[in-house]
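> Provided herewith: structure.cif, mmCIF, C-alpha atoms.
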data_upload
loop_
_atom_site.label_atom_id
_atom_site.label_comp_id
_atom_site.auth_asym_id
_atom_site.auth_seq_id
_atom_site.Cartn_x
_atom_site.Cartn_y
_atom_site.Cartn_z
CA MET K 1 -40.69 -3.72 2.92
CA SER K 2 -41.03 -3.51 -0.83
CA THR K 3 -41.92 -0.62 -3.09
CA ARG K 4 -43.01 -2.49 -6.23
CA PRO K 5 -44.74 -0.33 -8.84
CA PRO K 6 -47.36 -1.82 -11.21
CA GLY K 7 -45.82 -3.92 -13.93
CA ASP K 8 -42.48 -4.42 -12.20
CA PRO K 9 -41.27 -8.01 -12.66
CA GLY K 10 -39.89 -8.29 -9.13
CA PRO K 11 -37.40 -6.84 -6.67
CA LEU K 12 -34.13 -5.52 -8.04
CA ALA K 13 -32.14 -5.80 -4.81
CA THR K 14 -32.07 -7.50 -1.44
CA VAL K 15 -30.93 -5.43 1.53
CA VAL K 16 -29.26 -7.65 4.13
CA ILE K 17 -28.88 -6.50 7.74
CA VAL K 18 -26.97 -8.56 10.29
CA ASN K 19 -28.26 -8.13 13.83
CA TRP K 20 -26.95 -9.28 17.19
CA ASN K 21 -28.77 -7.95 20.26
CA GLY K 22 -29.65 -4.81 18.35
CA ALA K 23 -33.34 -4.40 19.19
CA HIS K 24 -32.59 -0.82 20.28
CA LEU K 25 -30.97 -0.06 16.90
CA LEU K 26 -33.24 -1.81 14.41
CA PRO K 27 -36.25 0.59 14.44
CA ALA K 28 -34.28 3.61 13.21
CA CYS K 29 -32.54 1.48 10.55
CA LEU K 30 -35.71 -0.23 9.28
CA ASP K 31 -37.80 2.93 9.43
CA GLY K 32 -35.14 4.59 7.28
CA LEU K 33 -35.43 1.77 4.77
CA ALA K 34 -39.22 2.11 4.74
CA LYS K 35 -38.80 5.74 3.65
CA GLN K 36 -36.67 4.90 0.60
CA VAL K 37 -37.81 6.59 -2.61
CA THR K 38 -37.17 4.22 -5.53
CA ASP K 39 -38.70 3.30 -8.87
CA PHE K 40 -37.90 -0.36 -8.25
CA ALA K 41 -38.86 -2.97 -5.69
CA PHE K 42 -36.46 -4.30 -3.07
CA GLU K 43 -36.55 -6.83 -0.25
CA THR K 44 -35.28 -6.45 3.30
CA TRP K 45 -33.80 -9.42 5.15
CA VAL K 46 -32.53 -9.35 8.74
CA VAL K 47 -30.12 -12.06 9.83
CA ASP K 48 -30.52 -12.52 13.56
CA ASN K 49 -27.31 -13.86 15.10
CA ALA K 50 -28.88 -15.65 18.10
CA SER K 51 -29.96 -12.42 19.82
CA LEU K 52 -31.22 -12.62 23.39
CA ASP K 53 -32.80 -9.15 23.58
CA GLY K 54 -36.14 -9.77 21.88
CA SER K 55 -34.98 -8.72 18.41
CA ARG K 56 -36.99 -11.46 16.67
CA THR K 57 -40.15 -10.55 18.56
CA LEU K 58 -39.67 -6.90 17.62
CA LEU K 59 -39.25 -7.81 13.97
CA ALA K 60 -42.26 -10.13 13.91
CA GLU K 61 -44.56 -7.62 15.61
CA ARG K 62 -43.45 -4.30 14.09
CA TYR K 63 -41.91 -5.28 10.75
CA PRO K 64 -43.87 -8.24 9.35
CA SER K 65 -42.74 -7.55 5.76
CA VAL K 66 -39.10 -8.06 6.74
CA ARG K 67 -37.80 -11.59 6.24
CA ILE K 68 -36.02 -12.93 9.31
CA VAL K 69 -33.05 -15.22 8.59
CA PRO K 70 -32.41 -16.94 11.94
CA SER K 71 -29.08 -18.28 13.14
CA GLY K 72 -28.74 -20.51 16.17
CA VAL K 73 -25.30 -19.09 16.98
CA ASN K 74 -23.54 -15.76 16.53
CA LEU K 75 -21.80 -16.09 13.16
CA GLY K 76 -20.35 -12.57 13.25
CA PHE K 77 -20.67 -10.05 10.45
CA ALA K 78 -19.03 -12.27 7.83
CA GLY K 79 -20.83 -15.52 8.56
CA GLY K 80 -24.12 -13.80 9.33
CA ASN K 81 -24.14 -12.02 5.98
CA ASN K 82 -23.16 -15.21 4.18
CA LEU K 83 -26.11 -17.04 5.70
CA ALA K 84 -28.43 -14.70 3.80
CA LEU K 85 -26.29 -13.84 0.78
CA ARG K 86 -26.13 -17.47 -0.33
CA GLU K 87 -29.91 -17.37 -0.74
CA VAL K 88 -30.18 -14.02 -2.52
CA THR K 89 -31.58 -14.23 -6.06
CA THR K 90 -32.03 -10.54 -6.92
CA ALA K 91 -29.58 -8.85 -9.29
CA TYR K 92 -27.92 -6.91 -6.48
CA ALA K 93 -27.19 -7.59 -2.83
CA VAL K 94 -26.91 -4.60 -0.52
CA LEU K 95 -25.35 -4.67 2.94
CA LEU K 96 -26.48 -2.38 5.74
CA ASN K 97 -25.46 -2.26 9.40
CA ASN K 98 -28.20 -2.36 11.99
CA ASP K 99 -26.74 0.82 13.53
CA ALA K 100 -27.01 2.86 10.30
CA VAL K 101 -29.85 5.08 9.13
CA PRO K 102 -30.15 5.66 5.35
CA GLU K 103 -31.17 8.93 3.74
CA PRO K 104 -34.39 8.54 1.65
CA ASP K 105 -32.52 8.43 -1.69
CA TRP K 106 -29.68 6.22 -0.42
CA LEU K 107 -30.65 2.97 -2.15
CA ALA K 108 -31.63 4.52 -5.48
CA ASN K 109 -28.35 6.45 -5.65
CA LEU K 110 -26.31 3.43 -4.54
CA LEU K 111 -27.63 1.19 -7.34
CA ALA K 112 -27.75 3.81 -10.12
CA PRO K 113 -24.09 3.36 -11.23
CA PHE K 114 -24.71 -0.28 -12.16
CA THR K 115 -27.07 0.81 -14.97
CA ALA K 116 -24.95 3.76 -16.14
CA ALA K 117 -22.84 3.68 -19.28
CA ASP K 118 -19.86 1.89 -17.67
CA GLY K 119 -21.88 -0.12 -15.16
CA GLU K 120 -20.77 -3.49 -16.48
CA ARG K 121 -17.24 -2.90 -15.16
CA LEU K 122 -18.47 -2.29 -11.60
CA GLY K 123 -18.32 -5.15 -9.16
CA ALA K 124 -19.43 -3.10 -6.18
CA VAL K 125 -20.60 0.38 -5.22
CA THR K 126 -20.05 2.08 -1.87
CA GLY K 127 -21.55 5.28 -0.49
CA LYS K 128 -20.78 8.07 1.97
CA VAL K 129 -21.04 7.14 5.65
CA VAL K 130 -21.14 9.97 8.18
CA PHE K 131 -21.46 9.68 11.93
CA LEU K 132 -25.06 9.74 13.11
CA PRO K 133 -24.93 12.75 15.46
CA ARG K 134 -23.73 16.19 14.55
CA PHE K 135 -20.68 17.48 16.36
CA LEU K 136 -19.25 20.49 18.11
CA ARG K 137 -15.73 21.11 16.87
CA LEU K 138 -13.34 22.03 19.70
CA ARG K 139 -9.62 22.72 19.96
CA LEU K 140 -7.70 21.79 23.10
CA SER K 141 -4.40 23.36 24.13
CA THR K 142 -2.37 22.66 27.28
CA PRO K 143 1.28 22.51 28.42
CA THR K 144 2.99 19.16 27.83
CA PHE K 145 5.37 16.80 29.61
CA THR K 146 7.25 13.56 28.88
CA PRO K 147 6.48 10.75 31.35
CA GLY K 148 9.92 9.16 31.48
CA PRO K 149 12.47 6.88 29.83
CA HIS K 150 9.95 4.11 29.09
CA ASP K 151 7.32 6.43 27.59
CA SER K 152 8.70 9.08 25.26
CA ARG K 153 5.32 10.54 24.27
CA THR K 154 4.68 14.25 24.73
CA LEU K 155 1.49 14.29 26.78
CA GLY K 156 -1.02 16.93 27.72
CA VAL K 157 -3.83 15.82 30.05
CA ARG K 158 -5.59 12.58 30.83
CA VAL K 159 -9.33 12.57 30.04
CA SER K 160 -11.45 9.89 31.72
CA SER K 161 -14.96 11.30 31.25
CA VAL K 162 -16.81 13.67 28.92
CA THR K 163 -20.44 14.60 29.45
CA VAL K 164 -22.92 16.59 27.35
CA ASN K 165 -25.76 18.04 29.42
CA GLY K 166 -24.99 15.38 32.03
CA ARG K 167 -24.86 12.39 29.64
CA GLU K 168 -21.61 10.40 29.38
CA VAL K 169 -20.20 10.50 25.82
CA LEU K 170 -16.53 9.56 26.28
CA ARG K 171 -16.78 6.66 23.82
CA GLU K 172 -18.65 8.80 21.26
CA VAL K 173 -16.13 11.66 21.11
CA LEU K 174 -13.94 11.68 18.00
CA TRP K 175 -10.37 11.88 19.30
CA GLU K 176 -8.28 10.96 16.24
CA LYS K 177 -6.57 14.36 15.90
CA LEU K 178 -5.88 14.89 19.61
CA THR K 179 -5.08 11.72 21.55
CA PHE K 180 -2.89 8.61 21.42
CA GLY K 181 -5.87 6.26 21.40
CA SER K 182 -7.91 4.56 24.08
CA GLU K 183 -6.06 3.22 27.14
CA GLY K 184 -7.16 1.53 30.35
CA GLY K 185 -9.17 -1.27 28.73
CA SER K 186 -12.82 -1.41 27.76
CA GLU K 187 -14.09 -1.26 31.37
CA ALA K 188 -12.40 2.01 32.39
CA PRO K 189 -11.10 3.75 29.26
CA PHE K 190 -9.20 7.02 29.26
CA PHE K 191 -7.28 9.10 26.75
CA TRP K 192 -4.01 11.02 26.99
CA THR K 193 -4.08 14.10 24.82
CA ARG K 194 -1.30 15.79 22.95
CA GLY K 195 -0.53 19.40 23.77
CA ASP K 196 -2.68 20.73 20.98
CA GLY K 197 -5.33 19.23 18.73
CA GLU K 198 -8.94 18.93 17.70
CA LEU K 199 -11.79 16.87 19.11
CA CYS K 200 -15.40 16.57 18.01
CA VAL K 201 -18.10 16.15 20.67
CA PRO K 202 -21.60 14.86 19.75
CA VAL K 203 -24.18 17.46 20.77
CA PRO K 204 -27.88 18.24 20.24
CA ASP K 205 -28.76 20.23 17.13
CA GLY K 206 -29.70 23.42 18.96
CA GLY K 207 -29.47 25.33 22.21
CA PRO K 208 -26.64 25.94 24.67
CA VAL K 209 -24.60 22.89 25.71
CA THR K 210 -22.97 22.17 29.08
CA LEU K 211 -19.81 20.11 28.67
CA GLY K 212 -18.10 18.29 31.55
CA PHE K 213 -14.53 17.00 31.40
CA THR K 214 -12.81 14.82 34.00
CA LEU K 215 -9.15 15.74 33.64
CA ALA K 216 -5.80 15.05 35.29
CA GLY K 217 -2.25 16.16 34.52
CA GLU K 218 1.19 15.56 35.95
CA THR K 219 0.68 18.80 37.90
CA ARG K 220 -1.84 21.61 38.07
CA LYS K 221 -2.09 23.24 34.65
CA PRO K 222 -4.46 25.27 32.43
CA VAL K 223 -6.45 23.61 29.64
CA THR K 224 -7.91 25.87 26.98
CA LEU K 225 -10.89 24.71 24.93
CA SER K 226 -11.86 26.91 22.02
CA TRP K 227 -14.64 26.87 19.42
CA ASP K 228 -15.81 29.09 16.61
CA GLY K 229 -16.43 32.42 18.32
CA GLY K 230 -15.34 31.59 21.87
CA CYS K 231 -13.10 29.78 24.33
CA ALA K 232 -12.80 28.77 27.99
CA THR K 233 -9.80 27.96 30.18
CA LEU K 234 -10.17 25.12 32.69
CA ASP K 235 -7.83 23.97 35.45
CA ALA K 236 -6.57 20.37 35.48
CA ASP K 237 -5.10 19.07 38.73
CA SER K 238 -2.71 16.21 39.44
CA ARG K 239 -5.70 14.14 40.59
CA PRO K 240 -8.79 13.60 38.39
CA SER K 241 -11.37 16.35 38.81
CA THR K 242 -14.42 17.34 36.79
CA VAL K 243 -14.73 20.81 35.32
CA GLU K 244 -17.61 22.22 33.29
CA LEU K 245 -18.15 24.88 30.65
CA THR K 246 -21.14 26.08 28.68
CA VAL K 247 -21.03 26.60 24.92
CA PRO K 248 -23.71 29.12 23.88
CA ASP K 249 -26.48 28.55 21.35
CA GLY K 250 -25.66 29.28 17.73
CA VAL K 251 -22.25 27.60 17.51
CA GLU K 252 -22.08 25.60 14.26
CA ARG K 253 -22.64 21.85 14.33
CA VAL K 254 -20.76 19.82 11.72
CA ASP K 255 -21.04 16.43 10.01
CA VAL K 256 -18.01 14.17 10.37
CA ILE K 257 -17.05 11.48 7.86
CA ASN K 258 -16.87 7.84 8.90
CA ASN K 259 -16.08 6.33 5.49
CA VAL K 260 -16.03 7.39 1.83
CA GLY K 261 -14.59 4.17 0.48
CA GLY K 262 -11.57 2.38 1.85
CA ILE K 263 -7.82 2.35 1.40
CA VAL K 264 -5.06 -0.09 2.27
CA LEU K 265 -1.76 1.36 3.43
CA ALA K 266 1.53 0.15 2.00
CA ASP K 267 2.32 -1.73 5.22
CA GLY K 268 -0.98 -3.64 4.96
CA TYR K 269 -3.29 -1.78 7.33
CA GLY K 270 -6.80 -1.06 6.10
CA ALA K 271 -8.31 2.36 6.76
CA ASP K 272 -11.49 4.34 6.17
CA ARG K 273 -10.90 7.01 3.56
CA GLY K 274 -11.74 10.43 5.02
CA TYR K 275 -12.06 9.08 8.56
CA GLN K 276 -12.95 11.78 11.12
CA GLN K 277 -12.62 14.60 8.59
CA ILE K 278 -15.16 17.41 8.79
CA ASP K 279 -17.47 17.01 5.79
CA THR K 280 -16.95 20.20 3.80
CA GLY K 281 -17.71 18.69 0.40
CA GLN K 282 -14.17 17.45 -0.26
CA PHE K 283 -15.56 14.04 -1.36
CA ALA K 284 -18.44 15.35 -3.47
CA GLU K 285 -17.54 13.60 -6.74
CA PRO K 286 -18.00 9.92 -7.71
CA GLU K 287 -14.71 8.09 -8.12
CA ASP K 288 -13.21 4.61 -8.13
CA VAL K 289 -11.78 3.43 -4.81
CA PHE K 290 -9.79 0.38 -3.79
CA THR K 291 -12.20 -1.05 -1.24
CA ALA K 292 -15.88 -0.77 -0.29
CA CYS K 293 -17.26 -0.46 3.21
CA GLY K 294 -19.36 -3.40 4.39
CA ASN K 295 -21.85 -0.89 5.77
CA GLY K 296 -23.68 0.41 2.70
CA MET K 297 -22.06 -1.76 0.04
CA ALA K 298 -23.90 -3.01 -3.06
CA ILE K 299 -22.48 -5.89 -5.10
CA GLN K 300 -23.52 -7.77 -8.21
CA THR K 301 -25.06 -10.97 -6.86
CA ALA K 302 -23.64 -13.14 -9.63
CA LEU K 303 -20.12 -11.90 -8.86
CA GLY K 304 -20.57 -12.34 -5.13
CA ARG K 305 -21.69 -15.90 -5.70
CA GLU K 306 -18.63 -16.62 -7.86
CA LEU K 307 -16.33 -15.23 -5.15
CA GLY K 308 -18.05 -17.14 -2.35
CA TRP K 309 -19.09 -13.89 -0.65
CA PHE K 310 -17.28 -13.09 2.60
CA ASP K 311 -14.65 -15.28 4.21
CA SER K 312 -16.56 -16.65 7.21
CA ASP K 313 -13.32 -17.36 9.08
CA PHE K 314 -12.84 -13.59 9.51
CA PHE K 315 -15.99 -13.38 11.70
CA LEU K 316 -15.67 -9.62 12.22
CA TYR K 317 -13.54 -6.82 10.64
CA TYR K 318 -11.47 -6.77 7.43
CA GLU K 319 -13.97 -9.10 5.73
CA ASP K 320 -15.10 -6.24 3.46
CA THR K 321 -11.51 -5.31 2.59
CA ASP K 322 -10.74 -8.94 1.76
CA LEU K 323 -13.84 -9.23 -0.45
CA SER K 324 -13.02 -5.93 -2.18
CA TRP K 325 -9.48 -7.10 -2.92
CA ARG K 326 -10.89 -10.26 -4.50
CA ILE K 327 -13.41 -8.24 -6.55
CA ARG K 328 -10.55 -6.17 -7.93
CA ALA K 329 -8.46 -9.28 -8.64
CA ARG K 330 -11.29 -10.42 -10.93
CA GLY K 331 -10.90 -7.21 -12.93
CA TYR K 332 -13.92 -5.30 -11.60
CA ALA K 333 -13.93 -1.73 -10.31
CA ILE K 334 -15.43 -0.37 -7.09
CA ARG K 335 -17.19 2.99 -7.28
CA TYR K 336 -17.74 5.54 -4.52
CA ILE K 337 -21.02 7.48 -4.81
CA PRO K 338 -21.27 10.57 -2.56
CA THR K 339 -25.06 10.89 -2.82
CA ALA K 340 -25.70 7.47 -1.24
CA ILE K 341 -25.57 8.67 2.37
CA LEU K 342 -25.82 6.70 5.60
CA ARG K 343 -25.66 8.06 9.14
CA HIS K 344 -23.85 5.57 11.38
CA VAL K 345 -23.55 5.01 15.11
CA HIS K 346 -19.84 4.19 15.30
CA SER K 347 -18.93 0.95 17.15
CA ALA K 348 -22.47 0.47 18.44
CA SER K 349 -22.20 -3.32 18.10
CA SER K 350 -18.60 -3.73 19.25
CA VAL K 351 -16.45 -1.43 21.34
CA GLU K 352 -13.47 0.00 19.53
CA TRP K 353 -10.14 -1.10 21.10
CA SER K 354 -11.89 -3.78 23.17
CA PRO K 355 -10.16 -7.21 23.23
CA LEU K 356 -12.74 -8.41 20.67
CA PHE K 357 -11.87 -5.53 18.37
CA VAL K 358 -8.10 -5.84 18.75
CA PHE K 359 -8.07 -9.62 18.29
CA HIS K 360 -10.06 -9.61 15.06
CA THR K 361 -8.48 -6.54 13.48
CA ASP K 362 -4.95 -7.79 14.20
CA ARG K 363 -5.55 -11.39 13.14
CA ASN K 364 -7.73 -10.63 10.13
CA ARG K 365 -5.29 -8.09 8.73
CA LEU K 366 -2.66 -10.83 8.65
CA LEU K 367 -5.13 -13.33 7.15
CA MET K 368 -6.18 -10.84 4.47
CA LEU K 369 -2.60 -10.12 3.45
CA SER K 370 -1.74 -13.81 3.40
CA LYS K 371 -4.60 -14.37 0.95
CA ASN K 372 -4.33 -11.33 -1.28
CA ALA K 373 -1.06 -9.39 -1.04
CA SER K 374 2.24 -10.04 -2.74
CA ALA K 375 4.64 -12.28 -0.82
CA ARG K 376 6.85 -9.28 0.02
CA ILE K 377 4.10 -7.34 1.78
CA ALA K 378 2.49 -10.39 3.41
CA LEU K 379 5.75 -11.79 4.80
CA ALA K 380 6.84 -8.37 6.10
CA ALA K 381 3.56 -7.86 7.99
CA VAL K 382 3.42 -11.40 9.36
CA GLY K 383 7.08 -11.33 10.42
CA ARG K 384 6.76 -7.92 12.04
CA TYR K 385 3.89 -8.93 14.32
CA PRO K 386 5.76 -11.38 16.64
CA LEU K 387 8.78 -9.05 16.71
CA THR K 388 6.54 -6.20 17.85
CA THR K 389 4.93 -8.51 20.42
CA PHE K 390 8.36 -9.38 21.81
CA SER K 391 9.33 -5.70 21.95
CA ILE K 392 6.11 -4.83 23.82
CA ALA K 393 6.73 -7.66 26.28
CA VAL K 394 10.28 -6.48 27.02
CA ARG K 395 9.14 -2.87 27.50
CA THR K 396 6.28 -3.96 29.77
CA LEU K 397 8.57 -6.03 31.96
CA ARG K 398 11.11 -3.21 32.20
CA GLN K 399 8.42 -0.72 33.19
CA ALA K 400 7.06 -3.11 35.84
CA TRP K 401 10.55 -3.72 37.20
CA ALA K 402 11.28 0.01 37.44
CA ALA K 403 7.94 0.69 39.14
CA ARG K 404 8.14 -2.42 41.35
CA SER K 405 4.65 -3.38 40.14
CA ARG K 406 3.02 -6.33 38.44
CA PRO K 407 3.42 -6.23 34.64
CA ALA K 408 0.33 -5.69 32.46
CA LEU K 409 0.35 -9.02 30.66
CA ARG K 410 -3.16 -9.02 29.13
CA PRO K 411 -2.18 -7.07 25.96
CA ILE K 412 0.75 -9.44 25.42
CA TRP K 413 -1.43 -12.51 25.95
CA LEU K 414 -3.97 -11.10 23.48
CA ARG K 415 -1.27 -10.72 20.83
CA LEU K 416 -0.11 -14.29 21.47
CA THR K 417 -3.67 -15.56 20.91
CA VAL K 418 -3.70 -13.61 17.63
CA ILE K 419 -0.52 -15.39 16.53
CA ALA K 420 -1.89 -18.81 17.53
CA SER K 421 -5.20 -18.26 15.72
CA TYR K 422 -3.43 -16.96 12.62
CA LEU K 423 -1.14 -20.01 12.48
CA ARG K 424 -4.13 -22.33 12.88
CA LEU K 425 -5.88 -20.74 9.87
CA LEU K 426 -2.75 -20.22 7.75
CA PRO K 427 -3.00 -23.51 5.76
CA THR K 428 -6.59 -22.64 4.82
CA MET K 429 -5.55 -19.12 3.76
CA ILE K 430 -2.73 -20.47 1.60
CA ALA K 431 -5.21 -22.75 -0.18
CA ARG K 432 -7.54 -19.81 -0.77
CA ARG K 433 -4.62 -17.69 -1.99
CA ARG K 434 -3.89 -20.32 -4.64
CA ALA K 435 -7.55 -20.34 -5.69
CA ILE K 436 -7.51 -16.54 -6.02
CA THR K 437 -4.37 -16.74 -8.13
CA ARG K 438 -5.95 -19.27 -10.51
CA THR K 439 -8.97 -17.06 -11.25
CA ALA K 440 -7.33 -13.62 -11.03
CA LYS K 441 -7.42 -11.32 -14.05
CA VAL K 442 -5.30 -8.60 -12.43
CA HIS K 443 -1.87 -9.41 -10.95
CA ARG K 444 -1.23 -8.74 -7.26
CA HIS K 445 1.61 -6.33 -8.02
CA LYS K 446 -0.66 -4.22 -10.23
CA LEU K 447 -3.36 -4.10 -7.56
CA GLU K 448 -0.79 -2.88 -5.07
CA ASN K 449 -0.45 0.33 -7.05
CA TRP K 450 -3.57 1.30 -5.09
CA LEU K 451 -1.79 0.98 -1.74
CA VAL K 452 -1.21 4.28 0.03
CA ARG K 453 2.01 5.29 1.74
CA ARG K 454 1.72 6.71 5.24
#
What is this file in structure tokens?


Amino acid sequence: MSTRPPGDPGPLATVVIVNWNGAHLLPACLDGLAKQVTDFAFETWVVDNASLDGSRTLLAERYPSVRIVPSGVNLGFAGGNNLALREVTTAYAVLLNNDAVPEPDWLANLLAPFTAADGERLGAVTGKVVFLPRFLRLRLSTPTFTPGPHDSRTLGVRVSSVTVNGREVLREVLWEKLTFGSEGGSEAPFFWTRGDGELCVPVPDGGPVTLGFTLAGETRKPVTLSWDGGCATLDADSRPSTVELTVPDGVERVDVINNVGGIVLADGYGADRGYQQIDTGQFAEPEDVFTACGNGMAIQTALGRELGWFDSDFFLYYEDTDLSWRIRARGYAIRYIPTAILRHVHSASSVEWSPLFVFHTDRNRLLMLSKNASARIALAAVGRYPLTTFSIAVRTLRQAWAARSRPALRPIWLRLTVIASYLRLLPTMIARRRAITRTAKVHRHKLENWLVRR
């Protein structure tokens, strides 16, 4: 998968894709790469993390120009990328998720800043990532209630299923502005809404759409769903029931932002800049950002090699934030380029709020801060985690006692495994922190000027 013009000395970049059981995702991703319009050559490498779904056969038969980098075990995103990155010899290494589809000018626009007037100061470049489908923007309104003394939230209705033309899309709906997050575990998730807020439902590009919602409230109550030019009022009962409505053809579909560069909050949590915002052009200008997204990130190969690439101990999540922090500590900038556009299937490879997700995001945030943040921020975050775990345990036991039921201990056990894994890796992280300090050109306290208050 190279586009080498006559006279070109060789590929300028290597695009690395980590794959684990993603045979259903790879064709769209690789076909998008094949359509790239560039005036330079590039290579495409796929790291296969011990897939069992025929991914390697698919690659060998349909994409013979793609280099397969095999792994005998699942090394995660961090270790899988490192397996390939340590062999890259092109000037730039580019990272792409197997569940992302690039626009035809994505790669050319992503690499262009490196050869611009101030390109020598750039360690990495990151682009605009939007969610793959287009969305119907809805507003939900319903009367609220407070569950009781052990749950002070103001709740609307419980949603346990959403369908679009009969297809289940509960996990694909964007709930950030309406709900309190996923509950019920990865096997039977549900969401409690607030009394009023916005949700975005993935829908086909044209035609009328039939939406189904499985709802329940504390009592029978009306639920109003409105969209540009119309609305419908549904009835939620005290027991889950499914209600349907039809949104007519012609209602606007919108693009929703997944990531336009990253931020780190003052309390140490990483976040996608612009996450779940409707894309109205508010991020249309190039600008420096604190962190780059591992999906669609380009880095100078020489710098990546000096930094040792990703921290393989992270396995999954926060590895890109950690690497970005180390890039900045070396005195390099990270540039966001709005014209380098990817369309991304969110959480296609791992389910958001699953035990896998929670374990690695919780643990790796603490590891990242222990390596990179000032002692004040790192110690505050690390100290707060067991205190919060204890508080959750007490609240869970009180709720179980009041309800005369068995306590839900799995979330507490998961947090305890996070603490144990963090403590096991802490000596290694302290050693790496010292190594970062020895080679840093920008002090930690200065870098923390980038941190964002909630």

> Taking into account all atoms listed in the file, which residue in the set K:Val203, K:Val394, K:Ala50, K:Ala78 is nearest to Tyr317 in chain K?

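That would be K:Ala78, the residue with the smallest distance to Tyr317 in chain K.
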
> Given the file shown, enumerate the residues that the PyMOL selection byres ((chain K and resi 114-123) around 9) captures and present them as a list in words.

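Here the PyMOL selection byres ((chain K and resi 114-123) around 9) matches Leu110, Leu111, Ala112, Pro113, Ala124, Val125, Ala298, Ile299, Gln300, Leu303, Gly304, Ser324, Ile327, Arg328, Arg330, Gly331, Tyr332, Ala333, Ile334 and Arg335 of chain K.
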
> Identify which of the residues K:Leu367, K:Ala34, K:Leu215, K:Gly127 lies closest to Asp313 in chain K, counting all atoms listed in the file when measuring atom-to-atom distances.

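Distance minimum relative to Asp313 in chain K lands on K:Leu367.
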
> Determine, counting all atoms listed in the file, which protein, DNA and RNA residues have an atom within 9 Å of an atom of Thr339 in chain K; residues of the same chain fewer than 4 positions away are not included. Present the result as an NGL selection string.

:K and (105-106 or 109-110 or 127-128 or 284-286)

> Of the candidates K:Glu187, K:Leu369, K:Leu245, K:Glu172, which shows the shortest atom-to-atom distance to Ile430 in chain K, using all atoms listed in the file?

K:Leu369

> Ranking K:Leu30, K:Asp267, K:Ala393, K:Arg220 by minimum distance to Leu379 in chain K and counting all atoms listed in the file, which one comes first?

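Distance minimum relative to Leu379 in chain K lands on K:Asp267.
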
> Can you tell me how far CA of Glu198 in chain K sits from CA of Gln276 in chain K, in Å to one decimal?

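Separation of CA of Glu198 in chain K and CA of Gln276 in chain K: 10.5 Å.
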
> Quick one: pull the distance between CA of Phe180 in chain K and CA of Pro149 in chain K, Å, one decimal.

17.6 Å

> In Å, rounded to a single decimal, give me how far CA of Gly296 in chain K is from CA of Pro104 in chain K.

13.5 Å

> For Lys177 in chain K, work out the shell of residues within 10 Å, counting all atoms listed in the file and skipping chain neighbours fewer than 2 positions away, then give it as a list in words.

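That gives Arg139, Leu174, Trp175, Thr179, Phe180, Gly181, Thr193, Arg194, Asp196, Gly197, Glu198, Leu199, Cys200, Gln276 and Gln277 of chain K.
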
> Can I get the selection written as a tab-separated table (two decimals), in the coordinates of the input, with C-alpha atoms?


chain	number	residue	atom	x	y	z
K	139	ARG	CA	-9.62	22.72	19.96
K	174	LEU	CA	-13.94	11.68	18.00
K	175	TRP	CA	-10.37	11.88	19.30
K	179	THR	CA	-5.08	11.72	21.55
K	180	PHE	CA	-2.89	8.61	21.42
K	181	GLY	CA	-5.87	6.26	21.40
K	193	THR	CA	-4.08	14.10	24.82
K	194	ARG	CA	-1.30	15.79	22.95
K	196	ASP	CA	-2.68	20.73	20.98
K	197	GLY	CA	-5.33	19.23	18.73
K	198	GLU	CA	-8.94	18.93	17.70
K	199	LEU	CA	-11.79	16.87	19.11
K	200	CYS	CA	-15.40	16.57	18.01
K	276	GLN	CA	-12.95	11.78	11.12
K	277	GLN	CA	-12.62	14.60	8.59

> Nearest to His150 in chain K: which of K:Lys441, K:Tyr63, K:Ala403, K:Arg395 is it, counting only C-alpha atoms?

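Comparing K:Lys441, K:Tyr63, K:Ala403, K:Arg395 against His150 in chain K, the winner is K:Arg395.
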
> Skip His24 in chain K itself and residues of its chain fewer than 6 positions away, then list as a ChimeraX atom specification all residues within 10 Å of it, counting all atoms listed in the file.

/K:53-55,58,98-99

> Report the residues retrieved by the PyMOL selection byres ((chain K and resi 344) around 9) from the displayed file, expressed as an MDAnalysis selection string.

chainID K and resid 97 99:102 129:133 258 295 342:343 345:348

> Could you rebuild range 174-180 of chain K with N, CA and C atoms and give me the result as a short mmCIF file (atom, residue, chain, number, x, y, z; two decimals), in the coordinates of the input?


data_model
loop_
_atom_site.label_atom_id
_atom_site.label_comp_id
_atom_site.auth_asym_id
_atom_site.auth_seq_id
_atom_site.Cartn_x
_atom_site.Cartn_y
_atom_site.Cartn_z
N LEU K 174 -14.90 12.00 19.04
CA LEU K 174 -13.94 11.68 18.00
C LEU K 174 -12.60 12.31 18.37
N TRP K 175 -11.64 11.45 18.70
CA TRP K 175 -10.37 11.88 19.30
C TRP K 175 -9.17 11.81 18.34
N GLU K 176 -9.38 11.35 17.12
CA GLU K 176 -8.28 10.96 16.24
C GLU K 176 -7.18 12.01 16.13
N LYS K 177 -7.55 13.29 16.14
CA LYS K 177 -6.57 14.36 15.90
C LYS K 177 -5.99 14.94 17.19
N LEU K 178 -6.31 14.31 18.33
CA LEU K 178 -5.88 14.89 19.61
C LEU K 178 -5.16 13.91 20.51
N THR K 179 -5.58 12.64 20.54
CA THR K 179 -5.08 11.72 21.55
C THR K 179 -4.23 10.61 20.95
N PHE K 180 -3.72 9.75 21.82
CA PHE K 180 -2.89 8.61 21.42
C PHE K 180 -3.70 7.32 21.38
#
